[in-house]
Amino acid sequence: MVRFRKFISLFLILITIATMAIGGNAIFSVSAAGTGTGLAEHALNAYYSGWSYVYGAASVGAVDCSGLIYMYSGSGSRCDMMGSSYETGSTANGIPNIHGLGLYQPGHVGVYVGGGMAVDARSEYYGVCYQSAYTKNWTHWFKVAGVSYPTDGWEYFNGSYYYYEDGEYLTNTSVTVDGITYYLDSTGASSSTPGDTSGVADSDTSSDTTSTASKVMKVGSYGDNVTELQYRLTELGFYNGEITGYFGEQTEAAYIRFQKAAGVYVDGIAGESDLEILYSDYAPQGSIAEVGATTPSVTDPAEDEETEEVTPETYQTGTYHDNVYKIQTELANLGYFDDEATGYFGTLTESAVIKFQLENGLEATGIVDEITYTTIFSERALENPYTEDSSDRTIIRNPNATTNTEEATETTTTPVEATQTVSSTEAADIVIKSAQLASKALEGVKVDAQESNNNTKNNGSFLIWFIVMIVFMSAAFWIVFSTEKKKKKAKYDRIKARANRNW
């Protein structure tokens with residue numbers, strides 16, 4: 001009986017130690033949770049819902065970088081997610097067109113959501129972030145353990161349909177399915193809904209979360225929600241176009257004006273948190289007079305020269321505008337853009353903008369915002385230092401592009417020449433210099449230093465915790481063993497004393 005109790009005690013102690021050792025890294029693995037598109041929508045949901053960064057957390061509203069992925073996949077090791085993957089690759093060769101891939105850099109992971117964008121739970125300072133996948137220095141991509149990825153056919157993601165062939169979704173091309181031709185834009189989204197969607201599964205963002213990704217509206221979205229959005233923007237004075245139910249560039253420009261007035265993050269995408277403000281009683285008011293663009297008469301050239309149009313304040317992939325032509329021309333003069341200027345903002349233009357932003361100390365988003373636009377046309381703009389020696393030139397290219405042309409594939413209305421003038425005034429110089437210093441200070445110091453310190457600190461804390469648990473359990477085992485030994489000795493002494501008395 002005594003030996004049995006010892007055996008049970010030792011067995012329980014060993015089981016406890018093993019369980020805690022495993023639990024310190026990750027919860028026991030479970031079966032696959034869903035698909036790549038589901039993981040991508042799960043990540044977008046975290047961003048649009050404003051989840052917080054909490055080290056070690058993996059629950060709704062609070063996650064760390066690996067927790068964001070693990071709470072959906074439920075598989076692999078949280079300490080080495082890429083090591084648990086069944087397929088990996090270097091981002092130096094581009095990121096495959098696959099929704100929901102994991103992205104890796106030393107000490108950090110994120111989720112590729114397609115269209116050149118990524119989501120990652122970055123730090124307590126920044127929370128969950130959504131930005132270009134080519135500005136965060138990801139070194140590898142990987143397929144997340146426990147997640148299945150599409151191979152061929154249609155996939156539904158974030159309100160749009162994507163067509164996969166050989167494991168990747170197609171971009172910048174047309175595809176004919178069942179006798180119907182569909183155009184797939186630079187992000188891979190189809191121009192129209194497939195005729196047969198019976199075999200297309202909706203993205204599963206996990207039963208534990210309430211997905212808001214389906215509520216997100218951006219360029220290309222359409223339906224009753226967009227119609228309601230346009231009515232509300234008109235009511236507030238940010239939009240004066242036709243109510244079409246289609247989220248086009250004019251609707252995007254109006255929504256950007258609303259975001260700036262509301263003081264929220266400006267990206268032209270209608271997410272849940274923004275929409276709460278938009279439909280609230282305290283929504284900001286705009287001015288139709290500021291929004292309305294006066295269309296010149298095509299029969300009066302003089303009027304065409306005198307009439308001013310409100311210039312869109314940002315230019316990004318998919319934009320077709322005369323100012324994009326000016327941007328391309330000036331970037332070519334500075335040595336960043338080496339293709340023909342067309343007025344269409346494609347992947348080559350995005351790459352040139354990123355390189356310009358990096359060289360000029362701006363945040364490398366690939367989007368021409370007001371500061372970037374001002375810098376490009378100012379006397380302070382720095383030329384590309386690598387134009388003469390192409391071997392040292394850093395090329396940042398969006399792998400979603402399958403063509404090297406900058407030609408637009410859709411017919412759009414040619415806008416009037418923008419009348420925004422850019423000068424190298426002292427005020428402009430101050431704005432540019434401030435933006436450069438702020439960008440370097442925030443991105444270069446706070447993020448990288450904080451992530452490095454957090455990872456080092458937390459890894460050390462886990463090691464100390466593990467050692468303490470081993471010592472504690474060893475001490476417990478020794479106490480049990482010593483107690484049993486003393487009991488046995490006492491029993492032996494009693495037997496010996498009784499024998500001596502009888503003798």
# chains A, B, ... in the order shown; residues from 1 in each chain; ligands from 1
$ residues_around --residues "Val111 of chain A" --least-positions-apart "2" --cutoff "7 Å" --atoms "only C-alpha atoms" --output "JSON list (two decimals) with C-alpha atoms, in the first residue's frame"
[["chain", "number", "residue", "atom", "x", "y", "z"],
["A", 40, "ALA", "CA", -8.01, 36.86, -42.81],
["A", 43, "ALA", "CA", -7.76, 39.44, -38.35],
["A", 100, "GLY", "CA", -4.75, 34.25, -44.42],
["A", 101, "LEU", "CA", -1.06, 33.44, -44.76],
["A", 102, "GLY", "CA", 1.04, 33.96, -41.67],
["A", 103, "LEU", "CA", 3.81, 36.57, -41.88],
["A", 113, "VAL", "CA", -5.21, 39.64, -45.70],
["A", 118, "ALA", "CA", -1.44, 42.77, -43.45],
["A", 119, "VAL", "CA", -2.85, 42.82, -39.90],
["A", 120, "ASP", "CA", -0.74, 42.31, -36.79]]
$ closest_residue --among "A:Leu278, A:Glu168, A:Gly318, A:Leu184" --to "Val219 of chain A" --atoms "only C-alpha atoms"
A:Gly318
$ atom_distance --atom1 "atom CA of Ile69 of chain A" --atom2 "atom CA of Glu165 of chain A"
25.2 Å
$ atom_distance --atom1 "atom CA of Tyr183 of chain A" --atom2 "atom CA of Gly195 of chain A"
13.5 Å
$ residues_around --residues "Phe356 of chain A" --least-positions-apart "2" --cutoff "10 Å" --atoms "only C-alpha atoms" --output "number ranges by chain"
A: 331, 334-337, 350-354, 358-362, 364, 366, 372, 375-376, 381-384
$ write_last_selection --atoms "N, CA, C and O atoms" --output "compact mmCIF listing (two decimals), in the first residue's frame"
# COMPACT_ATOMS: atom_id res chain seq x y z
N LEU A 331 8.00 61.85 -60.06
CA LEU A 331 8.78 60.73 -59.52
C LEU A 331 9.79 60.22 -60.54
O LEU A 331 10.89 59.77 -60.17
N LEU A 334 12.69 62.49 -60.47
CA LEU A 334 13.50 62.26 -59.28
C LEU A 334 14.19 60.90 -59.28
O LEU A 334 14.97 60.59 -58.38
N GLY A 335 13.88 60.08 -60.29
CA GLY A 335 14.56 58.79 -60.44
C GLY A 335 13.92 57.63 -59.74
O GLY A 335 14.54 56.57 -59.57
N TYR A 336 12.64 57.76 -59.34
CA TYR A 336 11.97 56.67 -58.63
C TYR A 336 11.04 55.88 -59.54
O TYR A 336 10.72 54.73 -59.25
N PHE A 337 10.56 56.46 -60.59
CA PHE A 337 9.57 55.82 -61.47
C PHE A 337 10.15 55.70 -62.86
O PHE A 337 10.59 56.70 -63.46
N GLU A 350 2.88 52.49 -56.94
CA GLU A 350 2.93 52.26 -55.50
C GLU A 350 4.36 51.97 -55.06
O GLU A 350 4.83 52.50 -54.04
N SER A 351 5.08 51.15 -55.82
CA SER A 351 6.47 50.83 -55.49
C SER A 351 7.34 52.08 -55.51
O SER A 351 8.17 52.29 -54.62
N ALA A 352 7.14 52.93 -56.54
CA ALA A 352 7.92 54.16 -56.64
C ALA A 352 7.63 55.09 -55.46
O ALA A 352 8.54 55.72 -54.90
N VAL A 353 6.37 55.17 -55.06
CA VAL A 353 5.99 56.03 -53.93
C VAL A 353 6.63 55.53 -52.64
O VAL A 353 7.13 56.32 -51.83
N ILE A 354 6.62 54.21 -52.43
CA ILE A 354 7.22 53.64 -51.22
C ILE A 354 8.71 53.98 -51.16
O ILE A 354 9.23 54.39 -50.12
N LEU A 358 10.56 56.25 -48.29
CA LEU A 358 11.67 55.73 -47.50
C LEU A 358 12.88 56.66 -47.56
O LEU A 358 13.53 56.94 -46.55
N GLU A 359 13.20 57.14 -48.76
CA GLU A 359 14.36 58.01 -48.93
C GLU A 359 14.15 59.38 -48.30
O GLU A 359 15.11 60.05 -47.91
N ASN A 360 12.89 59.81 -48.20
CA ASN A 360 12.60 61.15 -47.69
C ASN A 360 12.10 61.16 -46.26
O ASN A 360 11.57 62.16 -45.78
N GLY A 361 12.24 60.02 -45.56
CA GLY A 361 11.91 59.97 -44.15
C GLY A 361 10.44 60.02 -43.82
O GLY A 361 10.06 60.39 -42.72
N LEU A 362 9.58 59.63 -44.78
CA LEU A 362 8.14 59.61 -44.55
C LEU A 362 7.69 58.19 -44.23
O LEU A 362 8.40 57.22 -44.52
N ALA A 364 6.28 54.86 -44.91
CA ALA A 364 6.21 54.15 -46.19
C ALA A 364 4.91 53.38 -46.32
O ALA A 364 4.84 52.19 -46.04
N GLY A 366 2.91 53.70 -49.30
CA GLY A 366 2.58 53.50 -50.71
C GLY A 366 1.40 54.34 -51.14
O GLY A 366 0.93 54.22 -52.27
N THR A 372 2.94 63.60 -48.39
CA THR A 372 3.75 63.00 -49.45
C THR A 372 3.64 63.81 -50.74
O THR A 372 4.64 64.06 -51.42
N THR A 375 5.67 66.94 -50.43
CA THR A 375 7.11 66.64 -50.45
C THR A 375 7.59 66.36 -51.87
O THR A 375 8.67 66.80 -52.27
N ILE A 376 6.81 65.61 -52.63
CA ILE A 376 7.21 65.26 -53.99
C ILE A 376 7.48 66.51 -54.83
O ILE A 376 8.44 66.57 -55.61
N ALA A 381 12.60 67.73 -51.91
CA ALA A 381 12.48 66.33 -52.31
C ALA A 381 13.84 65.76 -52.69
O ALA A 381 14.58 66.35 -53.48
N LEU A 382 14.18 64.61 -52.11
CA LEU A 382 15.47 63.97 -52.38
C LEU A 382 15.36 63.04 -53.58
O LEU A 382 14.41 62.28 -53.72
N GLU A 383 16.37 63.10 -54.45
CA GLU A 383 16.39 62.22 -55.61
C GLU A 383 16.79 60.81 -55.20
O GLU A 383 17.39 60.59 -54.14
N ASN A 384 16.46 59.87 -56.06
CA ASN A 384 16.82 58.46 -55.81
C ASN A 384 18.33 58.31 -55.91
O ASN A 384 18.90 58.54 -56.98
$ closest_residue --among "A:Val324, A:Leu233, A:Ala341, A:Val109" --to "Val368 of chain A" --atoms "only C-alpha atoms"
A:Val324
$ atom_distance --atom1 "atom CA of Gly34 of chain A" --atom2 "atom CA of Ala62 of chain A"
20.6 Å
$ residues_around --residues "Leu68 of chain A" --least-positions-apart "6" --cutoff "12 Å" --atoms "only C-alpha atoms" --output "ChimeraX atom specification"
/A:39-47,51-62,74,78,81,100,102,108-111,119-122,127-129,144,205,209
$ write_last_selection --atoms "N, CA, C and O atoms" --output "compact mmCIF listing (two decimals), in the first residue's frame"
# COMPACT_ATOMS: atom_id res chain seq x y z
N LEU A 39 -9.42 33.11 -41.57
CA LEU A 39 -8.40 33.70 -40.72
C LEU A 39 -8.18 35.17 -41.08
O LEU A 39 -8.02 36.02 -40.19
N ALA A 40 -8.19 35.48 -42.37
CA ALA A 40 -8.01 36.86 -42.81
C ALA A 40 -9.14 37.75 -42.31
O ALA A 40 -8.91 38.87 -41.84
N GLU A 41 -10.38 37.26 -42.39
CA GLU A 41 -11.50 38.05 -41.90
C GLU A 41 -11.47 38.17 -40.37
O GLU A 41 -11.86 39.19 -39.81
N HIS A 42 -11.00 37.12 -39.72
CA HIS A 42 -10.84 37.18 -38.26
C HIS A 42 -9.86 38.29 -37.88
O HIS A 42 -10.10 39.05 -36.94
N ALA A 43 -8.76 38.40 -38.63
CA ALA A 43 -7.76 39.44 -38.35
C ALA A 43 -8.33 40.83 -38.62
O ALA A 43 -8.12 41.77 -37.84
N LEU A 44 -9.06 40.98 -39.73
CA LEU A 44 -9.68 42.27 -40.03
C LEU A 44 -10.70 42.65 -38.96
O LEU A 44 -10.82 43.82 -38.58
N ASN A 45 -11.43 41.65 -38.48
CA ASN A 45 -12.40 41.90 -37.42
C ASN A 45 -11.71 42.47 -36.17
O ASN A 45 -12.21 43.39 -35.53
N ALA A 46 -10.55 41.92 -35.84
CA ALA A 46 -9.80 42.40 -34.68
C ALA A 46 -9.39 43.85 -34.87
O ALA A 46 -9.45 44.66 -33.93
N TYR A 47 -8.99 44.20 -36.10
CA TYR A 47 -8.57 45.58 -36.37
C TYR A 47 -9.76 46.54 -36.30
O TYR A 47 -9.71 47.57 -35.61
N TRP A 51 -9.40 45.84 -31.12
CA TRP A 51 -8.88 44.98 -30.06
C TRP A 51 -7.58 45.54 -29.50
O TRP A 51 -6.81 46.19 -30.20
N SER A 52 -7.32 45.25 -28.24
CA SER A 52 -6.11 45.71 -27.55
C SER A 52 -5.01 44.67 -27.64
O SER A 52 -5.26 43.48 -27.85
N TYR A 53 -3.78 45.14 -27.47
CA TYR A 53 -2.63 44.23 -27.39
C TYR A 53 -2.36 43.92 -25.92
O TYR A 53 -2.14 44.83 -25.12
N VAL A 54 -2.41 42.64 -25.58
CA VAL A 54 -2.08 42.18 -24.23
C VAL A 54 -1.19 40.96 -24.36
O VAL A 54 -1.60 39.95 -24.96
N TYR A 55 0.02 41.04 -23.84
CA TYR A 55 0.96 39.93 -24.00
C TYR A 55 0.38 38.65 -23.39
O TYR A 55 -0.12 38.63 -22.27
N GLY A 56 0.46 37.56 -24.17
CA GLY A 56 -0.01 36.26 -23.71
C GLY A 56 -1.49 36.02 -23.90
O GLY A 56 -1.97 34.91 -23.66
N ALA A 57 -2.25 37.05 -24.33
CA ALA A 57 -3.70 36.91 -24.45
C ALA A 57 -4.09 36.35 -25.81
O ALA A 57 -3.41 36.57 -26.82
N ALA A 58 -5.20 35.63 -25.84
CA ALA A 58 -5.73 35.08 -27.09
C ALA A 58 -7.24 34.95 -26.94
O ALA A 58 -7.80 33.86 -27.01
N SER A 59 -7.90 36.06 -26.73
CA SER A 59 -9.35 36.06 -26.55
C SER A 59 -9.94 37.29 -27.22
O SER A 59 -9.23 38.21 -27.62
N VAL A 60 -11.25 37.29 -27.36
CA VAL A 60 -11.94 38.40 -28.02
C VAL A 60 -11.63 39.71 -27.30
O VAL A 60 -11.82 39.84 -26.09
N GLY A 61 -11.11 40.67 -28.04
CA GLY A 61 -10.84 41.99 -27.49
C GLY A 61 -9.43 42.19 -26.99
O GLY A 61 -9.00 43.33 -26.80
N ALA A 62 -8.67 41.11 -26.77
CA ALA A 62 -7.31 41.24 -26.24
C ALA A 62 -6.45 40.09 -26.76
O ALA A 62 -6.73 38.92 -26.48
N GLY A 74 -6.08 27.38 -33.46
CA GLY A 74 -6.09 26.38 -32.40
C GLY A 74 -5.06 25.30 -32.57
O GLY A 74 -5.14 24.25 -31.93
N ARG A 78 2.55 28.35 -30.14
CA ARG A 78 2.50 29.81 -30.10
C ARG A 78 3.89 30.41 -30.06
O ARG A 78 4.09 31.55 -30.47
N MET A 81 5.33 29.64 -34.39
CA MET A 81 4.23 29.39 -35.33
C MET A 81 4.74 29.01 -36.70
O MET A 81 4.18 28.15 -37.37
N GLY A 100 -4.94 34.92 -45.70
CA GLY A 100 -4.75 34.25 -44.42
C GLY A 100 -3.40 33.61 -44.21
O GLY A 100 -3.23 32.83 -43.26
N GLY A 102 0.34 33.36 -42.78
CA GLY A 102 1.04 33.96 -41.67
C GLY A 102 2.27 34.71 -42.19
O GLY A 102 2.87 34.31 -43.18
N HIS A 108 8.10 38.23 -34.09
CA HIS A 108 6.78 38.82 -34.37
C HIS A 108 6.11 38.08 -35.53
O HIS A 108 6.79 37.60 -36.45
N VAL A 109 4.77 37.98 -35.49
CA VAL A 109 4.00 37.36 -36.57
C VAL A 109 2.77 38.21 -36.87
O VAL A 109 2.31 38.99 -36.04
N GLY A 110 2.24 38.05 -38.09
CA GLY A 110 1.04 38.76 -38.50
C GLY A 110 0.26 37.94 -39.50
O GLY A 110 0.61 36.78 -39.79
N VAL A 111 -0.79 38.52 -40.07
CA VAL A 111 -1.67 37.82 -41.01
C VAL A 111 -1.76 38.61 -42.31
O VAL A 111 -2.05 39.82 -42.29
N VAL A 119 -2.35 42.44 -41.23
CA VAL A 119 -2.85 42.82 -39.90
C VAL A 119 -1.95 42.16 -38.87
O VAL A 119 -1.62 40.97 -39.00
N ASP A 120 -1.52 42.91 -37.86
CA ASP A 120 -0.74 42.31 -36.79
C ASP A 120 -1.02 43.02 -35.48
O ASP A 120 -1.29 44.23 -35.46
N ALA A 121 -1.00 42.25 -34.39
CA ALA A 121 -1.12 42.82 -33.04
C ALA A 121 0.28 43.23 -32.64
O ALA A 121 1.12 42.39 -32.32
N ARG A 122 0.56 44.54 -32.67
CA ARG A 122 1.95 45.02 -32.67
C ARG A 122 2.51 45.27 -31.28
O ARG A 122 3.58 44.80 -30.94
N GLY A 127 -1.42 48.68 -30.56
CA GLY A 127 -2.57 47.78 -30.63
C GLY A 127 -2.53 46.93 -31.90
O GLY A 127 -1.46 46.53 -32.37
N VAL A 128 -3.70 46.64 -32.47
CA VAL A 128 -3.80 45.85 -33.70
C VAL A 128 -3.72 46.82 -34.89
O VAL A 128 -4.48 47.78 -34.97
N CYS A 129 -2.79 46.54 -35.80
CA CYS A 129 -2.52 47.46 -36.92
C CYS A 129 -2.88 46.83 -38.26
O CYS A 129 -2.86 45.61 -38.43
N VAL A 144 -0.47 28.64 -41.96
CA VAL A 144 -0.71 28.42 -40.53
C VAL A 144 -1.19 26.99 -40.29
O VAL A 144 -2.08 26.49 -40.99
N THR A 205 -15.24 32.96 -39.38
CA THR A 205 -14.34 33.71 -38.50
C THR A 205 -14.41 33.22 -37.07
O THR A 205 -14.07 33.94 -36.15
N THR A 209 -16.38 34.66 -32.09
CA THR A 209 -16.30 36.08 -32.40
C THR A 209 -17.46 36.48 -33.27
O THR A 209 -18.01 35.71 -34.03
$ residues_around --residues "Asp281 of chain A" --least-positions-apart "5" --cutoff "12 Å" --atoms "only C-alpha atoms" --output "PyMOL selection string"
chain A and resi 232+236+275-276
$ residues_around --residues "segment 244-256 of chain A" --least-positions-apart "4" --cutoff "7 Å" --atoms "only C-alpha atoms" --output "ChimeraX atom specification"
/A:218-224,226-227,238-239,260,266-268,312
$ write_last_selection --atoms "N, CA, C and O atoms" --output "PDB file, in the first residue's frame"
ATOM      1  N   LYS A 218     -15.810  49.287 -48.718  1.00  0.00           N
ATOM      2  CA  LYS A 218     -14.670  49.954 -49.334  1.00  0.00           C
ATOM      3  C   LYS A 218     -14.922  50.016 -50.833  1.00  0.00           C
ATOM      4  O   LYS A 218     -15.987  49.594 -51.317  1.00  0.00           O
ATOM      5  N   VAL A 219     -13.956  50.558 -51.565  1.00  0.00           N
ATOM      6  CA  VAL A 219     -14.112  50.657 -53.014  1.00  0.00           C
ATOM      7  C   VAL A 219     -14.388  49.272 -53.602  1.00  0.00           C
ATOM      8  O   VAL A 219     -13.645  48.326 -53.368  1.00  0.00           O
ATOM      9  N   GLY A 220     -15.474  49.169 -54.339  1.00  0.00           N
ATOM     10  CA  GLY A 220     -15.884  47.891 -54.924  1.00  0.00           C
ATOM     11  C   GLY A 220     -17.086  47.281 -54.242  1.00  0.00           C
ATOM     12  O   GLY A 220     -17.744  46.402 -54.809  1.00  0.00           O
ATOM     13  N   SER A 221     -17.400  47.733 -53.022  1.00  0.00           N
ATOM     14  CA  SER A 221     -18.571  47.207 -52.312  1.00  0.00           C
ATOM     15  C   SER A 221     -19.853  47.778 -52.927  1.00  0.00           C
ATOM     16  O   SER A 221     -19.851  48.872 -53.489  1.00  0.00           O
ATOM     17  N   TYR A 222     -20.931  47.035 -52.787  1.00  0.00           N
ATOM     18  CA  TYR A 222     -22.205  47.516 -53.304  1.00  0.00           C
ATOM     19  C   TYR A 222     -23.343  46.866 -52.517  1.00  0.00           C
ATOM     20  O   TYR A 222     -23.161  45.848 -51.853  1.00  0.00           O
ATOM     21  N   GLY A 223     -24.527  47.503 -52.569  1.00  0.00           N
ATOM     22  CA  GLY A 223     -25.677  46.946 -51.875  1.00  0.00           C
ATOM     23  C   GLY A 223     -26.410  48.000 -51.062  1.00  0.00           C
ATOM     24  O   GLY A 223     -26.109  49.202 -51.113  1.00  0.00           O
ATOM     25  N   ASP A 224     -27.381  47.539 -50.280  1.00  0.00           N
ATOM     26  CA  ASP A 224     -28.214  48.446 -49.490  1.00  0.00           C
ATOM     27  C   ASP A 224     -27.402  49.207 -48.442  1.00  0.00           C
ATOM     28  O   ASP A 224     -27.715  50.366 -48.131  1.00  0.00           O
ATOM     29  N   VAL A 226     -24.381  50.285 -48.711  1.00  0.00           N
ATOM     30  CA  VAL A 226     -23.702  51.398 -49.380  1.00  0.00           C
ATOM     31  C   VAL A 226     -24.702  52.510 -49.679  1.00  0.00           C
ATOM     32  O   VAL A 226     -24.397  53.696 -49.533  1.00  0.00           O
ATOM     33  N   THR A 227     -25.896  52.123 -50.106  1.00  0.00           N
ATOM     34  CA  THR A 227     -26.938  53.119 -50.364  1.00  0.00           C
ATOM     35  C   THR A 227     -27.219  53.938 -49.108  1.00  0.00           C
ATOM     36  O   THR A 227     -27.299  55.173 -49.148  1.00  0.00           O
ATOM     37  N   PHE A 238     -21.073  65.655 -46.687  1.00  0.00           N
ATOM     38  CA  PHE A 238     -19.795  65.185 -47.196  1.00  0.00           C
ATOM     39  C   PHE A 238     -19.894  64.640 -48.625  1.00  0.00           C
ATOM     40  O   PHE A 238     -18.864  64.420 -49.269  1.00  0.00           O
ATOM     41  N   TYR A 239     -21.090  64.386 -49.114  1.00  0.00           N
ATOM     42  CA  TYR A 239     -21.278  63.719 -50.406  1.00  0.00           C
ATOM     43  C   TYR A 239     -22.416  64.401 -51.163  1.00  0.00           C
ATOM     44  O   TYR A 239     -23.456  64.712 -50.581  1.00  0.00           O
ATOM     45  N   LYS A 260     -11.704  62.455 -41.570  1.00  0.00           N
ATOM     46  CA  LYS A 260     -10.853  63.553 -41.108  1.00  0.00           C
ATOM     47  C   LYS A 260     -11.621  64.473 -40.160  1.00  0.00           C
ATOM     48  O   LYS A 260     -11.092  64.923 -39.146  1.00  0.00           O
ATOM     49  N   VAL A 266      -7.694  57.651 -40.972  1.00  0.00           N
ATOM     50  CA  VAL A 266      -8.147  57.935 -42.339  1.00  0.00           C
ATOM     51  C   VAL A 266      -7.611  56.877 -43.297  1.00  0.00           C
ATOM     52  O   VAL A 266      -6.406  56.803 -43.548  1.00  0.00           O
ATOM     53  N   ASP A 267      -8.513  56.024 -43.805  1.00  0.00           N
ATOM     54  CA  ASP A 267      -8.129  55.023 -44.788  1.00  0.00           C
ATOM     55  C   ASP A 267      -9.172  54.844 -45.887  1.00  0.00           C
ATOM     56  O   ASP A 267      -8.977  54.046 -46.805  1.00  0.00           O
ATOM     57  N   GLY A 268     -10.290  55.592 -45.807  1.00  0.00           N
ATOM     58  CA  GLY A 268     -11.314  55.478 -46.843  1.00  0.00           C
ATOM     59  C   GLY A 268     -12.132  54.216 -46.762  1.00  0.00           C
ATOM     60  O   GLY A 268     -12.905  53.911 -47.666  1.00  0.00           O
ATOM     61  N   PRO A 312      -9.018  65.257 -54.907  1.00  0.00           N
ATOM     62  CA  PRO A 312      -8.971  64.186 -53.914  1.00  0.00           C
ATOM     63  C   PRO A 312      -7.693  64.317 -53.093  1.00  0.00           C
ATOM     64  O   PRO A 312      -6.639  64.646 -53.626  1.00  0.00           O
TER      65      PRO A 312
END
$ select_by_dssp --residues "segment 122-361 of chain A" --states "strand (DSSP E or B)" --output "MDAnalysis selection string"
chainID A and resid 122:123 127:132 140:142 147:148 153:157 160:165 168:169 173:177 180:184 189:190 217 222 246 270 315 320 344
$ select_by_dssp --residues "segment 23-101 of chain A" --states "alpha helix (DSSP H)" --output "mmCIF file with N, CA and C atoms, in the first residue's frame"
data_model
loop_
_atom_site.group_PDB
_atom_site.id
_atom_site.type_symbol
_atom_site.label_atom_id
_atom_site.label_comp_id
_atom_site.auth_asym_id
_atom_site.auth_seq_id
_atom_site.Cartn_x
_atom_site.Cartn_y
_atom_site.Cartn_z
ATOM 1 N N GLY A 23 1.741 23.913 -21.113
ATOM 2 C CA GLY A 23 0.819 25.036 -21.003
ATOM 3 C C GLY A 23 1.516 26.377 -21.020
ATOM 4 N N GLY A 24 2.810 26.434 -20.628
ATOM 5 C CA GLY A 24 3.518 27.695 -20.677
ATOM 6 C C GLY A 24 3.714 28.198 -22.081
ATOM 7 N N ASN A 25 3.738 27.281 -23.048
ATOM 8 C CA ASN A 25 3.918 27.683 -24.447
ATOM 9 C C ASN A 25 2.611 27.799 -25.180
ATOM 10 N N GLY A 36 -8.187 29.860 -44.854
ATOM 11 C CA GLY A 36 -7.354 31.040 -44.949
ATOM 12 C C GLY A 36 -8.167 32.318 -45.017
ATOM 13 N N THR A 37 -9.257 32.300 -45.790
ATOM 14 C CA THR A 37 -10.107 33.495 -45.869
ATOM 15 C C THR A 37 -10.771 33.769 -44.525
ATOM 16 N N GLY A 38 -11.096 32.712 -43.797
ATOM 17 C CA GLY A 38 -11.678 32.896 -42.469
ATOM 18 C C GLY A 38 -10.692 33.542 -41.508
ATOM 19 N N LEU A 39 -9.419 33.111 -41.572
ATOM 20 C CA LEU A 39 -8.396 33.699 -40.716
ATOM 21 C C LEU A 39 -8.181 35.167 -41.076
ATOM 22 N N ALA A 40 -8.193 35.477 -42.372
ATOM 23 C CA ALA A 40 -8.005 36.859 -42.814
ATOM 24 C C ALA A 40 -9.140 37.753 -42.312
ATOM 25 N N GLU A 41 -10.375 37.257 -42.392
ATOM 26 C CA GLU A 41 -11.504 38.050 -41.898
ATOM 27 C C GLU A 41 -11.472 38.165 -40.371
ATOM 28 N N HIS A 42 -11.005 37.123 -39.716
ATOM 29 C CA HIS A 42 -10.838 37.176 -38.260
ATOM 30 C C HIS A 42 -9.856 38.290 -37.881
ATOM 31 N N ALA A 43 -8.756 38.400 -38.627
ATOM 32 C CA ALA A 43 -7.763 39.436 -38.349
ATOM 33 C C ALA A 43 -8.329 40.827 -38.623
ATOM 34 N N LEU A 44 -9.058 40.981 -39.726
ATOM 35 C CA LEU A 44 -9.678 42.268 -40.031
ATOM 36 C C LEU A 44 -10.699 42.648 -38.961
ATOM 37 N N ASN A 45 -11.428 41.654 -38.477
ATOM 38 C CA ASN A 45 -12.399 41.900 -37.415
ATOM 39 C C ASN A 45 -11.711 42.466 -36.173
ATOM 40 N N ALA A 46 -10.548 41.917 -35.840
ATOM 41 C CA ALA A 46 -9.797 42.398 -34.683
ATOM 42 C C ALA A 46 -9.389 43.851 -34.871
ATOM 43 N N TYR A 47 -8.991 44.199 -36.100
ATOM 44 C CA TYR A 47 -8.570 45.581 -36.368
ATOM 45 C C TYR A 47 -9.755 46.541 -36.299
ATOM 46 N N TYR A 48 -10.828 46.213 -37.022
ATOM 47 C CA TYR A 48 -11.965 47.129 -37.088
ATOM 48 C C TYR A 48 -12.716 47.219 -35.755
ATOM 49 N N CYS A 65 0.577 39.026 -30.683
ATOM 50 C CA CYS A 65 0.747 38.727 -32.107
ATOM 51 C C CYS A 65 0.404 37.272 -32.442
ATOM 52 N N SER A 66 0.928 36.331 -31.657
ATOM 53 C CA SER A 66 0.623 34.928 -31.937
ATOM 54 C C SER A 66 -0.781 34.563 -31.472
ATOM 55 N N GLY A 67 -1.269 35.240 -30.419
ATOM 56 C CA GLY A 67 -2.616 34.962 -29.928
ATOM 57 C C GLY A 67 -3.688 35.301 -30.945
ATOM 58 N N LEU A 68 -3.449 36.348 -31.757
ATOM 59 C CA LEU A 68 -4.399 36.720 -32.806
ATOM 60 C C LEU A 68 -4.628 35.561 -33.763
ATOM 61 N N ILE A 69 -3.559 34.857 -34.105
ATOM 62 C CA ILE A 69 -3.653 33.726 -35.034
ATOM 63 C C ILE A 69 -4.141 32.475 -34.317
ATOM 64 N N TYR A 70 -3.584 32.231 -33.128
ATOM 65 C CA TYR A 70 -3.862 30.973 -32.441
ATOM 66 C C TYR A 70 -5.317 30.837 -32.018
ATOM 67 N N MET A 71 -5.963 31.948 -31.624
ATOM 68 C CA MET A 71 -7.351 31.835 -31.177
ATOM 69 C C MET A 71 -8.275 31.416 -32.313
ATOM 70 N N TYR A 72 -7.809 31.577 -33.567
ATOM 71 C CA TYR A 72 -8.598 31.099 -34.707
ATOM 72 C C TYR A 72 -8.176 29.696 -35.127
ATOM 73 N N SER A 73 -6.867 29.462 -35.231
ATOM 74 C CA SER A 73 -6.387 28.176 -35.755
ATOM 75 C C SER A 73 -6.442 27.068 -34.709
#
$ closest_residue --among "A:Gly146, A:Pro194, A:Gly159, A:Gly286" --to "Tyr86 of chain A" --atoms "only C-alpha atoms"
A:Gly146
$ closest_residue --among "A:Pro106, A:Ser287, A:Lys143, A:Lys326" --to "Gly76 of chain A" --atoms "only C-alpha atoms"
A:Lys143
